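The structure file entry-v1.txt is reproduced below (compact mmCIF, C-alpha atoms (C1' of nucleotides)).
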# COMPACT_ATOMS: atom_id res chain seq x y z
CA MET A 1 -38.77 108.56 46.30
CA THR A 2 -36.01 110.89 45.16
CA SER A 3 -36.66 113.10 48.17
CA TRP A 4 -36.51 116.50 46.50
CA ILE A 5 -39.52 115.50 44.46
CA SER A 6 -41.44 114.84 47.65
CA GLN A 7 -40.61 118.31 48.85
CA PHE A 8 -42.33 119.90 45.92
CA ARG A 9 -45.47 118.06 46.79
CA ARG A 10 -45.70 119.62 50.23
CA GLY A 11 -49.01 121.28 50.67
CA LEU A 12 -49.81 120.67 47.06
CA LEU A 13 -51.36 117.31 47.82
CA GLU A 14 -53.86 118.90 50.17
CA LEU A 15 -54.75 121.28 47.38
CA CYS A 16 -55.31 118.37 45.03
CA VAL A 17 -57.50 116.53 47.49
CA LEU A 18 -59.53 119.65 48.17
CA ASN A 19 -60.07 120.25 44.48
CA LEU A 20 -61.09 116.66 43.96
CA LEU A 21 -63.58 116.77 46.80
CA GLN A 22 -64.96 120.06 45.63
CA VAL A 23 -66.31 118.29 42.57
CA GLN A 24 -67.72 115.32 44.36
CA GLU A 25 -67.45 113.65 47.72
CA GLY A 26 -65.52 110.42 47.86
CA HIS A 27 -63.92 107.88 50.11
CA GLY A 28 -60.23 107.57 50.82
CA TYR A 29 -59.40 104.66 48.61
CA GLN A 30 -61.18 106.28 45.70
CA ILE A 31 -59.28 109.51 46.17
CA VAL A 32 -56.03 107.59 46.20
CA GLN A 33 -56.93 105.92 42.91
CA ARG A 34 -57.84 109.21 41.29
CA LEU A 35 -54.67 110.92 42.41
CA LYS A 36 -52.57 108.01 41.20
CA GLU A 37 -53.85 108.61 37.71
CA ILE A 38 -52.55 112.13 37.69
CA ASP A 39 -49.19 112.32 36.02
CA GLY A 40 -46.40 113.77 38.10
CA LEU A 41 -48.13 113.09 41.37
CA ASP A 42 -47.48 109.38 41.88
CA ILE A 43 -49.04 109.33 45.30
CA ARG A 44 -49.56 106.51 47.82
CA GLU A 45 -52.11 105.55 50.41
CA SER A 46 -49.81 106.32 53.28
CA THR A 47 -49.72 109.92 52.13
CA VAL A 48 -53.37 110.47 51.37
CA TYR A 49 -54.95 109.05 54.49
CA PRO A 50 -53.02 111.31 56.87
CA ILE A 51 -54.05 114.29 54.76
CA LEU A 52 -57.69 113.29 55.05
CA ALA A 53 -57.33 112.72 58.79
CA ARG A 54 -55.75 116.15 59.16
CA MET A 55 -58.48 117.78 57.13
CA LYS A 56 -61.07 116.14 59.31
CA THR A 57 -59.56 117.32 62.60
CA GLU A 58 -59.35 120.82 61.17
CA GLY A 59 -62.96 120.72 60.08
CA PHE A 60 -62.41 121.00 56.35
CA VAL A 61 -64.33 117.83 55.66
CA ALA A 62 -67.27 115.98 57.15
CA VAL A 63 -67.03 112.22 57.36
CA ARG A 64 -69.58 109.49 57.27
CA ASP A 65 -69.31 105.74 56.97
CA GLU A 66 -70.81 103.79 54.16
CA PRO A 67 -70.85 100.06 53.45
CA SER A 68 -68.68 98.81 50.64
CA PRO A 69 -69.73 96.16 48.11
CA GLY A 70 -66.43 94.37 48.54
CA GLY A 71 -64.43 95.32 51.59
CA PRO A 72 -64.58 97.05 54.92
CA PRO A 73 -66.80 100.12 55.33
CA ARG A 74 -65.73 103.23 53.48
CA ARG A 75 -65.16 106.57 55.05
CA VAL A 76 -66.72 109.11 52.78
CA PHE A 77 -65.39 112.66 52.89
CA ARG A 78 -67.37 115.71 51.94
CA LEU A 79 -66.06 119.25 51.78
CA SER A 80 -67.38 121.64 54.42
CA ALA A 81 -67.84 125.37 54.09
CA SER A 82 -64.51 126.06 55.74
CA GLY A 83 -63.01 123.39 53.50
CA ARG A 84 -64.12 125.30 50.44
CA GLU A 85 -62.72 128.41 52.02
CA ARG A 86 -59.44 126.62 52.55
CA MET A 87 -59.43 125.42 48.98
CA ARG A 88 -59.82 128.96 47.75
CA SER A 89 -56.91 130.08 49.92
CA LEU A 90 -54.65 127.32 48.69
CA ASN A 91 -55.63 127.85 45.07
CA ALA A 92 -55.01 131.56 45.38
CA TYR A 93 -51.60 131.08 46.91
CA TRP A 94 -50.70 128.44 44.38
CA ASP A 95 -51.57 130.85 41.59
CA LEU A 96 -49.47 133.51 43.24
CA LEU A 97 -46.52 131.15 43.44
CA THR A 98 -46.73 129.91 39.88
CA GLU A 99 -46.93 133.47 38.69
CA ALA A 100 -43.91 134.40 40.79
CA VAL A 101 -41.90 131.51 39.37
CA ASP A 102 -42.95 132.32 35.83
CA GLN A 103 -41.88 135.88 36.36
CA LEU A 104 -38.59 134.86 37.87
CA ARG A 105 -37.81 132.46 35.07
CA SER A 106 -39.02 134.48 32.11
CA GLY A 107 -36.98 137.55 32.90
CA ARG A 108 -33.95 135.30 32.78
CA LYS A 109 -32.18 133.90 29.77
CA GLU A 110 -33.73 130.66 28.57
CA ALA A 111 -35.91 128.25 30.47
CA SER A 112 -35.36 124.52 30.47
CA GLU A 113 -36.34 123.34 27.03
CA GLY A 114 -38.40 120.22 27.52
CA ASN A 115 -36.08 117.82 29.22
CA LEU A 116 -37.59 115.72 31.91
CA SER A 117 -35.93 112.76 33.51
CA MET B 1 -45.69 132.20 59.23
CA THR B 2 -49.09 130.67 58.62
CA SER B 3 -47.49 127.26 58.34
CA TRP B 4 -49.32 125.86 55.35
CA ILE B 5 -47.87 128.63 53.26
CA SER B 6 -44.41 127.46 54.18
CA GLN B 7 -45.26 123.98 53.00
CA PHE B 8 -45.93 125.15 49.51
CA ARG B 9 -42.50 126.66 49.36
CA ARG B 10 -40.80 123.35 49.95
CA GLY B 11 -38.31 122.70 47.23
CA LEU B 12 -39.54 125.69 45.35
CA LEU B 13 -37.07 127.98 47.06
CA GLU B 14 -34.15 125.95 45.79
CA LEU B 15 -35.62 126.27 42.33
CA CYS B 16 -35.79 130.04 42.76
CA VAL B 17 -32.22 130.29 43.97
CA LEU B 18 -31.00 128.12 41.11
CA ASN B 19 -32.82 130.24 38.57
CA LEU B 20 -31.44 133.40 40.09
CA LEU B 21 -27.90 132.10 40.04
CA GLN B 22 -28.27 130.86 36.51
CA VAL B 23 -28.48 134.46 35.38
CA GLN B 24 -25.67 135.76 37.46
CA GLU B 25 -23.57 134.69 40.39
CA GLY B 26 -24.24 136.43 43.68
CA HIS B 27 -23.59 136.36 47.39
CA GLY B 28 -26.02 135.17 50.02
CA TYR B 29 -27.21 138.48 51.33
CA GLN B 30 -27.86 139.68 47.80
CA ILE B 31 -29.87 136.60 46.95
CA VAL B 32 -31.94 137.11 50.06
CA GLN B 33 -32.68 140.68 49.03
CA ARG B 34 -33.69 139.63 45.52
CA LEU B 35 -35.98 136.88 46.73
CA LYS B 36 -37.59 139.22 49.21
CA GLU B 37 -38.70 141.41 46.35
CA ILE B 38 -40.59 138.57 44.74
CA ASP B 39 -44.24 138.71 45.63
CA GLY B 40 -45.60 135.61 47.34
CA LEU B 41 -42.22 134.38 48.46
CA ASP B 42 -41.57 136.53 51.51
CA ILE B 43 -38.38 134.73 52.39
CA ARG B 44 -35.87 135.19 55.24
CA GLU B 45 -32.16 134.83 55.73
CA SER B 46 -32.54 131.80 57.94
CA THR B 47 -34.13 129.98 55.04
CA VAL B 48 -31.81 131.01 52.25
CA TYR B 49 -28.44 130.37 53.86
CA PRO B 50 -29.18 126.75 54.64
CA ILE B 51 -30.27 126.26 51.04
CA LEU B 52 -27.00 127.69 49.79
CA ALA B 53 -25.04 125.55 52.23
CA ARG B 54 -26.89 122.48 51.03
CA MET B 55 -26.30 123.36 47.42
CA LYS B 56 -22.64 123.72 48.13
CA THR B 57 -22.23 120.37 49.83
CA GLU B 58 -24.06 118.76 46.94
CA GLY B 59 -21.81 120.44 44.42
CA PHE B 60 -24.44 122.56 42.70
CA VAL B 61 -22.54 125.76 43.37
CA ALA B 62 -18.95 126.84 43.65
CA VAL B 63 -18.10 129.32 46.38
CA ARG B 64 -15.47 131.99 46.70
CA ASP B 65 -14.95 134.78 49.19
CA GLU B 66 -14.91 138.39 48.23
CA PRO B 67 -14.35 141.52 50.33
CA SER B 68 -17.36 143.72 51.00
CA PRO B 69 -17.35 147.52 50.92
CA GLY B 70 -19.29 147.66 54.17
CA GLY B 71 -19.30 144.48 56.15
CA PRO B 72 -17.71 141.08 56.58
CA PRO B 73 -16.47 139.21 53.50
CA ARG B 74 -19.12 137.94 51.13
CA ARG B 75 -19.50 134.38 50.02
CA VAL B 76 -20.16 134.45 46.32
CA PHE B 77 -22.03 131.53 44.79
CA ARG B 78 -21.75 130.45 41.18
CA LEU B 79 -23.72 127.71 39.50
CA SER B 80 -21.77 124.60 38.51
CA ALA B 81 -22.52 122.27 35.62
CA SER B 82 -24.38 119.87 37.89
CA GLY B 83 -26.16 122.86 39.36
CA ARG B 84 -27.50 123.76 35.94
CA GLU B 85 -28.48 120.16 35.48
CA ARG B 86 -30.30 120.28 38.78
CA MET B 87 -32.05 123.46 37.78
CA ARG B 88 -33.31 121.82 34.61
CA SER B 89 -34.64 118.87 36.59
CA LEU B 90 -36.42 121.08 39.09
CA ASN B 91 -37.84 123.31 36.37
CA ALA B 92 -39.07 120.30 34.44
CA TYR B 93 -40.74 118.79 37.47
CA TRP B 94 -42.25 122.11 38.45
CA ASP B 95 -43.74 122.41 34.97
CA LEU B 96 -45.10 118.92 35.25
CA LEU B 97 -46.73 119.73 38.57
CA THR B 98 -48.28 123.00 37.49
CA GLU B 99 -49.68 121.27 34.44
CA ALA B 100 -51.09 118.47 36.60
CA VAL B 101 -52.76 120.98 38.90
CA ASP B 102 -54.14 122.98 36.00
CA GLN B 103 -55.54 119.81 34.55
CA LEU B 104 -57.03 118.72 37.84
CA ARG B 105 -58.64 122.08 38.44
CA SER B 106 -59.91 122.77 34.94
CA GLY B 107 -61.26 119.31 34.17
CA ARG B 108 -63.39 119.58 37.25
CA LYS B 109 -66.51 121.61 37.50
CA GLU B 110 -65.80 125.26 36.82
CA ALA B 111 -62.95 127.57 37.53
CA SER B 112 -65.14 130.51 38.44
CA GLU B 113 -68.42 130.58 36.53
CA GLY B 114 -71.48 128.89 37.98
CA ASN B 115 -71.77 125.55 36.27
CA LEU B 116 -72.94 122.86 38.62
CA SER B 117 -72.78 119.15 38.06
C1' DC C 1 -14.48 156.33 72.27
C1' DC C 2 -18.64 154.08 72.07
C1' DT C 3 -22.95 153.08 70.45
C1' DC C 4 -26.12 152.33 66.76
C1' DG C 5 -27.57 150.59 62.44
C1' DG C 6 -26.63 148.29 58.05
C1' DT C 7 -24.16 144.48 56.00
C1' DA C 8 -23.08 139.49 55.94
C1' DC C 9 -23.00 135.11 57.70
C1' DT C 10 -23.45 130.99 61.26
C1' DA C 11 -25.67 127.85 64.69
C1' DT C 12 -29.47 125.50 67.07
C1' DG C 13 -33.79 123.68 67.73
C1' DC C 14 -38.78 123.24 66.44
C1' DT C 15 -42.39 121.76 63.55
C1' DT C 16 -44.74 119.99 59.66
C1' DC C 17 -45.60 116.60 56.40
C1' DA C 18 -44.45 113.06 52.66
C1' DC C 19 -43.28 108.45 52.67
C1' DG C 20 -41.94 103.48 53.76
C1' DT C 21 -43.37 99.65 56.11
C1' DA C 22 -46.48 96.96 58.42
C1' DG C 23 -50.73 95.58 60.16
C1' DT C 24 -56.02 94.95 60.49
C1' DA C 25 -60.31 93.67 58.48
C1' DC C 26 -63.97 92.68 55.02
C1' DG C 27 -65.48 90.18 50.87
C1' DT C 28 -65.33 86.95 46.82
C1' DA C 29 -63.23 83.38 43.85
C1' DG C 30 -60.77 79.24 43.28
C1' DC D 1 -58.48 78.08 53.47
C1' DT D 2 -55.71 80.69 50.53
C1' DA D 3 -55.12 84.44 47.76
C1' DC D 4 -56.31 88.77 46.05
C1' DG D 5 -58.68 93.21 45.78
C1' DT D 6 -60.73 96.58 48.75
C1' DA D 7 -60.33 99.92 52.59
C1' DC D 8 -58.25 101.86 56.33
C1' DT D 9 -54.80 102.55 60.50
C1' DA D 10 -50.40 103.11 63.03
C1' DC D 11 -45.54 104.11 63.64
C1' DG D 12 -41.20 105.84 62.62
C1' DT D 13 -37.92 108.48 59.61
C1' DG D 14 -36.11 112.31 57.33
C1' DA D 15 -36.12 116.77 54.79
C1' DA D 16 -36.61 121.45 54.90
C1' DG D 17 -38.70 126.05 56.16
C1' DC D 18 -38.47 129.08 59.91
C1' DA D 19 -37.65 131.58 64.47
C1' DT D 20 -34.26 133.04 67.36
C1' DA D 21 -29.84 134.25 68.63
C1' DG D 22 -25.21 135.16 68.01
C1' DT D 23 -20.71 136.70 65.58
C1' DA D 24 -18.23 140.06 63.03
C1' DC D 25 -17.06 144.00 59.97
C1' DC D 26 -17.89 148.84 58.79
C1' DG D 27 -19.14 153.95 58.90
C1' DA D 28 -21.69 157.91 61.10
C1' DG D 29 -23.09 160.72 65.16
C1' DG D 30 -22.82 162.18 69.78
Would you write out, as structure tokens, the structure that this file holds?
Amino acid sequence: MTSWISQFRRGLLELCVLNLLQVQEGHGYQIVQRLKEIDGLDIRESTVYPILARMKTEGFVAVRDEPSPGGPPRRVFRLSASGRERMRSLNAYWDLLTEAVDQLRSGRKEASEGNLS
Amino acid sequence: MTSWISQFRRGLLELCVLNLLQVQEGHGYQIVQRLKEIDGLDIRESTVYPILARMKTEGFVAVRDEPSPGGPPRRVFRLSASGRERMRSLNAYWDLLTEAVDQLRSGRKEASEGNLS
DNA sequence: CCTCGGTACTATGCTTCACGTAGTACGTAG
DNA sequence: CTACGTACTACGTGAAGCATAGTACCGAGG
């Protein structure tokens, strides 16, 4: 991983997980699969599980075990009240940041015309 | 600093500095002052100087000294060609991320209005 | 002169978190 | 009984934001 890309993801991944769980509870593996589909995120198990563990110890999610049709038992995560609160905080700050960046970039000359690599 | 807020800023601050310097060269202290004005960033000297140092060792900026009217000599930073390249990369990835988050948040449930699943 | 405050930068250590790698365990198909 | 998909855990590394502290130059006021 090109390292600086990882840096951008800091904190953002928790926001993504929270927003996913806000829609519907899910188990770790499932969340990993969903996040993998999202372009630009390219996330791995070893990143997601620690996030979920952290969120559990901080009380943002409730956990219960559930049997799996083909594998070891799943740990299903469900957003708690404080988790939804957290999500709102992160979303709000994220919006603030994106707005700040937009502002900073728009006042200035040209922005990067579509060139990703 | 509430800790999780700092995490969001990862990498983003370099992007901000690059975009500032793209408009006009400037010295460290000046860049700090400018970034401080930006809402939601709330940045400090001890964060900015290391970024500038890093950018220098990686060749993204050229540095020259300049006398100050009221203080020790200033170190003036100017974006290099590879610095502009870097800026484009970061901007592109940032755009990708914001789009991904927008997508993730909008495709799911509601943004604000009550519309349960 | 000497201190105080603003300017301008440097140095050190802490902490958080993404990620790589590896390992455990369950189930089914061949 | 091997191999593969599922599902999770554990450990170590490294990057970077930040707090704190220190250095140094300058002008104004007592």
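The two identical-sequence chains, chain A and chain B, differ by a C-alpha RMSD of 3.9 Å after optimal least-squares superposition.
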Using only C-alpha atoms (C1' of nucleotides), which residue out of C:DT12, C:DC19, C:DC2, C:DT7 lies closest to Ile5 in chain A?
->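 The shortest atom-to-atom distance to Ile5 in chain A comes from C:DC19.
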Any idea what the distance is between CA of Leu12 in chain A and C1' of DA15 in chain D?
->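 These atoms are spaced 16.2 Å apart.
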May I have the residues of chain D within 9 Å of chain B, counting all atoms listed in the file, written as a count of residues only?
-> 8
Provide an axis-aligned box for all listed atoms of range 11-27 of chain D, padding each side by 6 Å; report its centre and its edge lengths in Å to one decimal, as AutoDock Vina command-line options.
--center_x -31.3 --center_y 129.0 --center_z 61.7 --size_x 40.5 --size_y 61.8 --size_z 25.8
Would you mind telling me which residue in B:Gln30, B:Ser106, B:Asn19, B:Gln24 lies nearest to chain A when using all atoms listed in the file?
->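 The closest residue to chain A is B:Asn19.
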Neighbours of chain B in chain C at 10 Å, counting all atoms listed in the file, as a compact mmCIF listing (two decimals) with C-alpha atoms (C1' of nucleotides), in the coordinates of the input:
# COMPACT_ATOMS: atom_id res chain seq x y z
C1' DG C 6 -26.63 148.29 58.05
C1' DT C 7 -24.16 144.48 56.00
C1' DA C 8 -23.08 139.49 55.94
C1' DC C 9 -23.00 135.11 57.70
C1' DT C 10 -23.45 130.99 61.26
C1' DT C 15 -42.39 121.76 63.55
C1' DT C 16 -44.74 119.99 59.66
C1' DC C 17 -45.60 116.60 56.40
Quick one: of D:DT2, D:DA7, D:DG29, D:DT23, who's nearest to DC26 in chain C, counting only C-alpha atoms (C1' of nucleotides)?
->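 Of D:DT2, D:DA7, D:DG29, D:DT23, the one nearest DC26 in chain C is D:DA7, counting only C-alpha atoms (C1' of nucleotides).
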Residues of chain A near chain B: apply a cut-off of 10 Å, count all atoms listed in the file, and supply the list as JSON, numbers by chain.
-> {"A": [3, 4, 5, 6, 7, 8, 9, 10, 11, 12, 13, 14, 15, 16, 17, 19, 20, 21, 22, 23, 24, 35, 38, 39, 40, 41, 89, 90, 91, 93, 94, 95, 96, 97, 98, 99, 100, 101, 102, 103, 104, 105, 106, 107, 108, 109, 110, 111, 112, 113, 114, 115, 116, 117]}
What is the CA of Val63 in chain A-CA of Lys36 in chain A distance in Å, reported with one decimal?
-> 22.1 Å
Quick one: distance from CA of Val61 in chain B to CA of Arg78 in chain B in Å, one decimal?
->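 These two atoms are separated by 5.2 Å.
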